[in-house]
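A.B. asks: See target-v8.txt below, with compact mmCIF, C-alpha atoms and all ligand atoms.
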```
# COMPACT_ATOMS: atom_id res chain seq x y z
CA LYS A 170 114.60 76.70 134.92
CA ARG A 171 111.11 75.26 135.09
CA GLU A 172 108.45 77.83 134.29
CA TRP A 173 105.73 78.67 136.77
CA PRO A 174 102.11 79.46 135.89
CA ARG A 175 101.74 83.03 134.70
CA PRO A 176 98.77 85.15 135.74
CA ALA A 177 96.04 85.82 133.18
CA GLU A 178 96.35 89.53 133.95
CA CYS A 179 99.25 91.56 135.22
CA ARG A 180 99.41 91.42 139.04
CA VAL A 181 100.38 94.78 140.49
CA MET A 182 101.75 94.08 143.95
CA THR A 183 102.68 96.79 146.42
CA ILE A 184 105.28 95.88 149.03
CA ALA A 185 104.68 98.08 152.04
CA ASN A 186 105.32 98.40 155.76
CA GLN A 187 106.06 101.83 157.21
CA LYS A 188 108.79 100.40 159.43
CA GLY A 189 112.26 100.72 157.97
CA GLY A 190 114.58 97.76 157.65
CA VAL A 191 111.95 95.01 157.62
CA GLY A 192 112.96 93.68 154.21
CA LYS A 193 110.67 95.54 151.78
CA THR A 194 113.38 96.25 149.24
CA THR A 195 115.11 92.91 149.64
CA THR A 196 111.78 91.18 149.15
CA SER A 197 110.80 93.29 146.11
CA VAL A 198 114.11 92.70 144.38
CA ASN A 199 114.47 89.00 145.08
CA LEU A 200 110.87 87.99 144.43
CA ALA A 201 111.07 89.95 141.17
CA ALA A 202 114.28 88.20 140.14
CA SER A 203 112.95 84.79 141.07
CA LEU A 204 109.70 85.28 139.15
CA ALA A 205 111.72 86.52 136.15
CA MET A 206 113.99 83.47 136.35
CA HIS A 207 110.90 81.29 136.11
CA GLY A 208 109.61 82.79 132.92
CA ALA A 209 107.62 85.84 134.05
CA GLN A 210 108.00 89.36 132.68
CA VAL A 211 108.56 91.54 135.73
CA LEU A 212 108.75 95.27 136.41
CA VAL A 213 109.99 96.69 139.71
CA ILE A 214 108.89 100.25 140.46
CA ASP A 215 111.20 101.92 142.96
CA LEU A 216 109.12 104.35 144.99
CA ASP A 217 111.70 104.97 147.73
CA PRO A 218 113.87 108.12 147.45
CA GLN A 219 116.78 106.02 148.76
CA GLY A 220 116.71 104.13 145.47
CA ASN A 221 117.82 100.91 147.14
CA ALA A 222 115.87 98.69 144.75
CA SER A 223 117.45 100.50 141.78
CA THR A 224 120.91 99.98 143.29
CA ALA A 225 120.24 96.35 144.12
CA LEU A 226 119.14 95.63 140.55
CA GLY A 227 122.18 97.36 139.09
CA VAL A 228 120.42 100.21 137.23
CA GLU A 229 121.67 103.79 137.09
CA HIS A 230 119.82 106.26 139.26
CA HIS A 231 121.94 109.39 139.49
CA ALA A 232 120.19 112.74 139.41
CA ASP A 233 120.00 112.99 135.59
CA VAL A 234 118.30 109.64 135.02
CA PRO A 235 114.61 109.89 134.04
CA SER A 236 112.88 108.41 137.06
CA ILE A 237 109.63 107.77 138.86
CA TYR A 238 109.84 111.37 140.10
CA ASP A 239 109.27 112.61 136.54
CA VAL A 240 106.28 110.29 136.25
CA LEU A 241 104.67 111.41 139.51
CA ILE A 242 105.42 115.12 139.28
CA ASP A 243 105.80 115.94 135.58
CA ASP A 244 103.43 113.42 133.96
CA MET A 245 106.20 111.64 132.06
CA PRO A 246 104.86 108.33 130.71
CA LEU A 247 105.98 105.37 132.83
CA ALA A 248 107.20 103.59 129.68
CA ASP A 249 109.76 106.38 129.15
CA ILE A 250 111.65 105.62 132.37
CA VAL A 251 111.59 101.81 132.38
CA VAL A 252 115.04 100.25 131.87
CA PRO A 253 116.21 96.63 131.76
CA ALA A 254 117.99 95.19 134.79
CA PRO A 255 121.37 93.84 133.64
CA GLU A 256 121.02 90.49 135.37
CA LEU A 257 117.97 89.05 133.59
CA PRO A 258 116.45 89.80 130.18
CA ASN A 259 112.85 89.84 131.40
CA LEU A 260 113.38 91.96 134.51
CA HIS A 261 112.83 95.72 134.25
CA VAL A 262 113.07 98.63 136.64
CA ALA A 263 111.46 102.05 136.97
CA PRO A 264 114.26 103.72 138.97
CA ALA A 265 114.08 106.26 141.78
CA THR A 266 116.52 109.13 142.20
CA LEU A 267 117.08 111.49 145.13
CA HIS A 268 114.61 113.92 143.49
CA LEU A 269 111.92 111.66 144.83
CA ALA A 270 112.66 112.91 148.36
CA GLY A 271 111.10 116.21 147.32
CA ALA A 272 108.06 114.55 145.80
CA GLU A 273 106.54 113.86 149.21
CA ILE A 274 106.17 117.65 149.61
CA GLU A 275 105.56 118.54 145.96
CA LEU A 276 102.72 116.05 145.69
CA VAL A 277 100.75 117.87 148.41
CA SER A 278 99.68 120.64 146.04
CA LYS A 279 99.10 118.40 142.99
CA VAL A 280 95.67 117.55 141.64
CA ALA A 281 94.66 113.98 142.52
CA ARG A 282 97.87 113.67 144.49
CA GLU A 283 97.05 110.17 145.75
CA LEU A 284 96.28 108.89 142.26
CA ARG A 285 99.41 109.91 140.37
CA LEU A 286 100.99 106.46 140.23
CA ARG A 287 97.65 104.79 139.55
CA ARG A 288 97.02 107.00 136.56
CA ALA A 289 100.52 106.42 135.24
CA LEU A 290 99.96 102.67 135.55
CA ASP A 291 96.54 102.89 133.90
CA ALA A 292 98.10 104.69 130.93
CA PHE A 293 100.94 102.15 130.75
CA ASP A 294 100.68 99.02 128.61
CA LYS A 295 100.86 96.38 131.34
CA SER A 296 100.08 93.56 128.94
CA ARG A 297 103.77 92.91 128.39
CA PHE A 298 104.24 92.25 132.12
CA ASP A 299 103.05 89.46 134.38
CA TYR A 300 104.02 91.23 137.59
CA VAL A 301 104.62 94.81 138.63
CA LEU A 302 106.18 95.01 142.10
CA ILE A 303 106.14 98.41 143.80
CA ASP A 304 108.76 98.96 146.51
CA SER A 305 107.70 101.69 148.93
CA PRO A 306 109.44 103.96 151.45
CA PRO A 307 109.41 103.58 155.25
CA SER A 308 106.55 105.98 156.00
CA LEU A 309 102.82 106.29 155.54
CA GLY A 310 103.16 109.49 153.51
CA LEU A 311 101.91 110.30 150.03
CA LEU A 312 104.45 108.09 148.27
CA THR A 313 103.23 105.03 150.17
CA VAL A 314 99.62 106.07 149.60
CA ASN A 315 100.39 106.30 145.87
CA ALA A 316 101.88 102.80 146.09
CA LEU A 317 98.74 101.48 147.83
CA VAL A 318 96.42 103.15 145.33
CA GLY A 319 98.52 101.86 142.44
CA GLY A 320 98.40 98.19 143.44
CA ASN A 321 95.82 95.42 143.24
CA GLU A 322 97.54 93.44 145.97
CA LEU A 323 99.49 94.30 149.07
CA LEU A 324 102.40 92.22 150.31
CA ILE A 325 103.52 93.07 153.85
CA PRO A 326 106.98 91.88 154.89
CA ILE A 327 107.22 91.36 158.65
CA GLN A 328 110.55 91.04 160.38
CA CYS A 329 110.60 88.23 162.93
CA GLU A 330 111.63 90.23 165.96
CA TYR A 331 110.27 92.03 168.99
CA TYR A 332 107.95 94.93 168.07
CA ALA A 333 107.27 93.21 164.73
CA LEU A 334 103.54 93.79 165.06
CA GLU A 335 103.84 97.31 166.36
CA GLY A 336 102.65 99.72 163.71
CA LEU A 337 100.84 97.04 161.75
CA GLY A 338 97.48 98.32 162.99
CA GLN A 339 98.33 101.76 161.65
CA LEU A 340 99.26 100.28 158.26
CA LEU A 341 96.03 98.29 158.11
CA ASN A 342 94.01 101.40 159.04
CA THR A 343 95.63 103.24 156.16
CA VAL A 344 94.82 100.30 153.89
CA ASP A 345 91.15 100.47 154.99
CA LEU A 346 91.03 104.19 154.24
CA VAL A 347 92.60 103.64 150.85
CA LYS A 348 90.11 100.85 150.13
CA SER A 349 87.06 102.87 151.08
CA HIS A 350 88.05 106.10 149.35
CA LEU A 351 90.64 105.51 146.65
CA ASN A 352 91.20 101.90 145.64
CA PRO A 353 88.39 99.46 146.52
CA GLY A 354 90.24 96.72 144.60
CA LEU A 355 93.22 96.60 146.97
CA ASN A 356 93.58 93.14 148.44
CA VAL A 357 95.92 92.38 151.36
CA SER A 358 96.96 89.14 149.73
CA THR A 359 100.31 88.21 151.18
CA ILE A 360 102.40 88.41 154.33
CA LEU A 361 106.02 87.28 154.25
CA LEU A 362 108.05 86.62 157.40
CA THR A 363 111.59 87.92 156.92
CA MET A 364 114.98 87.74 158.62
CA TYR A 365 114.00 84.67 160.58
CA ASP A 366 116.64 83.50 163.01
CA ALA A 367 115.94 79.84 163.75
CA ARG A 368 118.17 79.94 166.84
CA THR A 369 115.92 82.27 168.76
CA ARG A 370 112.63 81.39 170.41
CA LEU A 371 111.50 84.94 169.83
CA ALA A 372 111.49 84.51 166.04
CA ALA A 373 109.34 81.39 166.35
CA GLN A 374 106.97 83.18 168.71
CA VAL A 375 106.58 86.13 166.36
CA ALA A 376 105.96 83.78 163.43
CA ASP A 377 103.29 81.89 165.41
CA GLU A 378 101.61 85.10 166.45
CA VAL A 379 101.51 86.44 162.89
CA ARG A 380 100.13 83.13 161.60
CA SER A 381 97.41 82.87 164.22
CA HIS A 382 96.38 86.46 163.55
CA PHE A 383 96.53 86.53 159.74
CA GLY A 384 95.98 82.89 158.77
CA GLU A 385 96.56 81.70 155.27
CA ILE A 386 97.67 84.96 153.70
CA VAL A 387 100.99 84.32 155.49
CA LEU A 388 103.25 82.41 153.08
CA SER A 389 104.43 79.11 154.55
CA THR A 390 107.95 79.95 153.42
CA VAL A 391 109.93 82.02 155.89
CA ILE A 392 113.01 84.01 154.79
CA PRO A 393 116.02 83.21 156.99
CA ARG A 394 118.67 85.68 157.96
CA SER A 395 121.48 85.14 155.49
CA VAL A 396 124.70 87.06 154.96
CA ARG A 397 124.49 86.42 151.21
CA VAL A 398 121.17 88.28 151.06
CA SER A 399 122.73 91.36 152.61
CA GLU A 400 125.87 91.17 150.43
CA ALA A 401 124.10 90.90 147.06
CA PRO A 402 123.00 94.58 146.72
CA SER A 403 126.58 95.85 146.81
CA TYR A 404 127.21 93.83 143.63
CA GLY A 405 124.12 95.32 141.95
CA GLN A 406 122.52 91.90 141.89
CA SER A 407 119.70 90.02 143.50
CA VAL A 408 120.78 87.11 145.68
CA MET A 409 119.07 84.91 143.08
CA THR A 410 121.97 85.45 140.65
CA TYR A 411 124.64 86.47 143.18
CA ASP A 412 124.44 83.16 145.04
CA PRO A 413 121.57 80.98 143.77
CA GLY A 414 122.40 78.12 146.13
CA SER A 415 122.37 80.21 149.31
CA SER A 416 119.66 79.71 151.92
CA GLY A 417 118.29 83.18 151.21
CA ALA A 418 118.01 82.57 147.46
CA LEU A 419 116.35 79.19 147.99
CA ALA A 420 113.85 80.73 150.39
CA TYR A 421 112.99 83.63 148.09
CA ASN A 422 112.49 81.09 145.29
CA GLU A 423 110.08 79.11 147.48
CA ALA A 424 108.19 82.26 148.45
CA ALA A 425 107.96 83.41 144.83
CA SER A 426 106.74 79.96 143.80
CA GLU A 427 104.00 80.07 146.45
CA MET A 428 102.98 83.51 145.21
CA ALA A 429 102.90 82.43 141.59
CA HIS A 430 100.91 79.28 142.34
CA ARG A 431 98.42 81.00 144.61
CA GLY A 432 97.63 83.42 141.82
CA ALA A 433 95.82 86.64 142.47
CA ALA A 434 93.65 85.71 145.46
CA GLU A 435 90.19 87.23 145.71
P1 LIG B 1 113.45 97.95 153.98
O1 LIG B 1 113.38 98.11 152.50
O2 LIG B 1 112.17 97.49 154.58
O3 LIG B 1 113.96 99.19 154.65
P2 LIG B 1 115.68 96.21 153.43
O4 LIG B 1 115.17 95.22 152.46
O5 LIG B 1 116.51 97.33 152.88
O6 LIG B 1 114.51 96.78 154.30
O7 LIG B 1 116.51 95.41 154.54
C1 LIG B 1 117.15 96.10 155.61
C2 LIG B 1 118.57 95.56 155.79
O8 LIG B 1 118.52 94.19 156.17
C3 LIG B 1 119.40 95.62 154.52
O9 LIG B 1 120.70 95.93 154.86
C4 LIG B 1 119.29 94.20 153.97
O10 LIG B 1 120.43 93.85 153.21
C5 LIG B 1 119.21 93.39 155.23
N1 LIG B 1 118.42 92.15 155.03
C6 LIG B 1 117.18 92.05 154.53
N2 LIG B 1 116.77 90.77 154.51
C7 LIG B 1 117.79 90.04 155.01
C8 LIG B 1 118.00 88.63 155.24
N3 LIG B 1 117.06 87.73 154.96
N4 LIG B 1 119.18 88.25 155.77
C9 LIG B 1 120.13 89.16 156.06
N5 LIG B 1 120.01 90.48 155.87
C10 LIG B 1 118.86 90.93 155.35
MG MG B 2 113.68 99.80 151.29
```
Taking this structure as input, can you express it in the form of structure tokens?
Ligand code: ADP
Ligand code: MG
C.D. replies:
Amino acid sequence: KREWPRPAECRVMTIANQKGGVGKTTTSVNLAASLAMHGAQVLVIDLDPQGNASTALGVEHHADVPSIYDVLIDDMPLADIVVPAPELPNLHVAPATLHLAGAEIELVSKVARELRLRRALDAFDKSRFDYVLIDSPPSLGLLTVNALVGGNELLIPIQCEYYALEGLGQLLNTVDLVKSHLNPGLNVSTILLTMYDARTRLAAQVADEVRSHFGEIVLSTVIPRSVRVSEAPSYGQSVMTYDPGSSGALAYNEAASEMAHRGAAE
């Protein structure tokens, strides 16, 4: 595989949208795998108690596994929980277990509760990674706030269907609050249109609306609906290795290439 340009400094990208089922996890996992296949060192941090990103990348995340919960709640160093993903040598995962479901509540009484992930990342040697992708849960609670404070960039996946833009204002308000109080460096750098169904006019309308509203931060690549994309997680693989020739894998490759070539936008 041809190598893509690698960033001068590690890009920490948070993937967030408080709506469930819009493709956050699928996007995190497949962009990570694609970047890794093109020469980058990539870490995926699973910040969703469901642990879907951990499952999809084939890493253990039963209750006894040291996980991001231990990092957020018990100050375990991030390096102590990072494990390799079986599918690619330069792809790593910080897994989530069900314990993380309790963290949303337990964080409330912690000192600097919004900064726990940030501090763990600051103490972590990121120089060995080109990208850290943080997959976040479907809410605007403390876990997502930790994800927003931890990142330098925000990638918002938007599902091409009715109500796609509903809730986006609320997300962007949260981003503004985070920027003014907690993480001035957060840049809403990327929007990715997901689950595009070329047969419907609605999908095209949603895509047009998102593009006219957000302009060039919207990647030109659109991710189509593809059965292979939804099958891959049950094999503990990204679609990039499960079926590299599928339309979903090709699209995620294109999107990852755009991301890599755009670099960390201002
Ligand atoms: P989120 O993390 O935002 O909740 P997911 O990435 O888990 O969303 O996606 C929700 C569901 O849609 C999953 O079952 C996933 O496999 C499926 N899915 C995501 N993207 C696609 C796609 N491009 N084509 C088909 N199914 C998809
Ligand atoms: Mg998810």
A.B. asks: With a cut-off of 6 Å, could you pull out the residues of chain A touching ligand LIG 1 (chain B) and give me the nearest pair of atoms for each, distance in Å to one decimal, using all atoms listed in the file, ordered by chain and ascending number, as a tab-separated table?
C.D. replies:
```
residue	atom	partner	partner_atom	distance
A:Gly189	CA	B:LIG1	O3	4.0
A:Gly190	CA	B:LIG1	O3	3.4
A:Val191	CA	B:LIG1	O2	3.9
A:Gly192	CA	B:LIG1	O4	3.2
A:Lys193	CA	B:LIG1	O2	3.7
A:Thr194	CA	B:LIG1	O1	3.8
A:Thr195	CA	B:LIG1	O4	3.6
A:Thr363	CA	B:LIG1	N3	5.8
A:Met364	CA	B:LIG1	N3	4.2
A:Ile392	CA	B:LIG1	N3	5.5
A:Pro393	CA	B:LIG1	N3	5.1
A:Arg394	CA	B:LIG1	N4	3.4
A:Ser395	CA	B:LIG1	N4	3.9
A:Val396	CA	B:LIG1	C9	5.1
A:Val398	CA	B:LIG1	N4	5.1
A:Ser399	CA	B:LIG1	O10	3.4
```
A.B. asks: Looking at A:Thr410, A:Gln339, A:Ser416, A:Ser296, which one is nearest to Ala202 (chain A), with distances taken over only C-alpha atoms?
C.D. replies: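 Among the listed residues, A:Thr410 lies closest to Ala202 (chain A).
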A.B. asks: Please determine, counting only C-alpha atoms and all ligand atoms, which residue among A:Asp345, A:Asp243, A:Glu172, A:Asp217 has the shortest atom-to-atom distance to ligand MG 2 (chain B).
C.D. replies: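 Once distances to ligand MG 2 (chain B) are computed over only C-alpha atoms and all ligand atoms, the minimum belongs to A:Asp217.
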A.B. asks: Counting all atoms listed in the file, which of A:Lys188, A:His207, A:Arg171, A:Arg297 gets nearest to ligand MG 2 (chain B)?
C.D. replies: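 Closest to ligand MG 2 (chain B), using all atoms listed in the file: A:Lys188.
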A.B. asks: Check the smallest atom-to-atom distance from each of A:Asp215, A:Asp291, A:Asp239, A:Glu330 to ligand MG 2 (chain B) using all atoms listed in the file, then report the winner.
C.D. replies: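 Using all atoms listed in the file, ligand MG 2 (chain B) sits closest to A:Asp215.
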A.B. asks: Could you state the separation of CA of Leu309 (chain A) and CA of Leu337 (chain A) in Å, given to one decimal place?
C.D. replies: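 Computing the Euclidean distance for CA of Leu309 (chain A) and CA of Leu337 (chain A) yields 11.3 Å.
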A.B. asks: Just the number, please: distance in Å from CA of Leu362 (chain A) to CA of Ser389 (chain A), one decimal.
C.D. replies: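 Between these atoms lies a distance of 8.8 Å.
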A.B. asks: Is there a way to get, as a PyMOL selection string, all residues within 9 Å of the point (112.3, 91.3, 137.8) in file coordinates, counting all atoms listed in the file?
C.D. replies: chain A and resi 197-206+209-213+226+253-254+257-262+300-302
A.B. asks: What's the 6 Å shell around Ala265 (chain A), counting all atoms listed in the file, without same-chain residues fewer than 2 positions away, as a CSV table (one decimal) with C-alpha atoms, in the coordinates of the input?
C.D. replies:
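Generated file (out28.csv):
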```csv
chain,number,residue,atom,x,y,z
A,215,ASP,CA,111.2,101.9,143.0
A,218,PRO,CA,113.9,108.1,147.4
A,220,GLY,CA,116.7,104.1,145.5
A,236,SER,CA,112.9,108.4,137.1
A,237,ILE,CA,109.6,107.8,138.9
```
A.B. asks: Could you tell me which of A:Val240, A:Leu324, A:Pro255, A:Leu216 comes closest to Pro307 (chain A) if we count only C-alpha atoms?
C.D. replies: A:Leu216
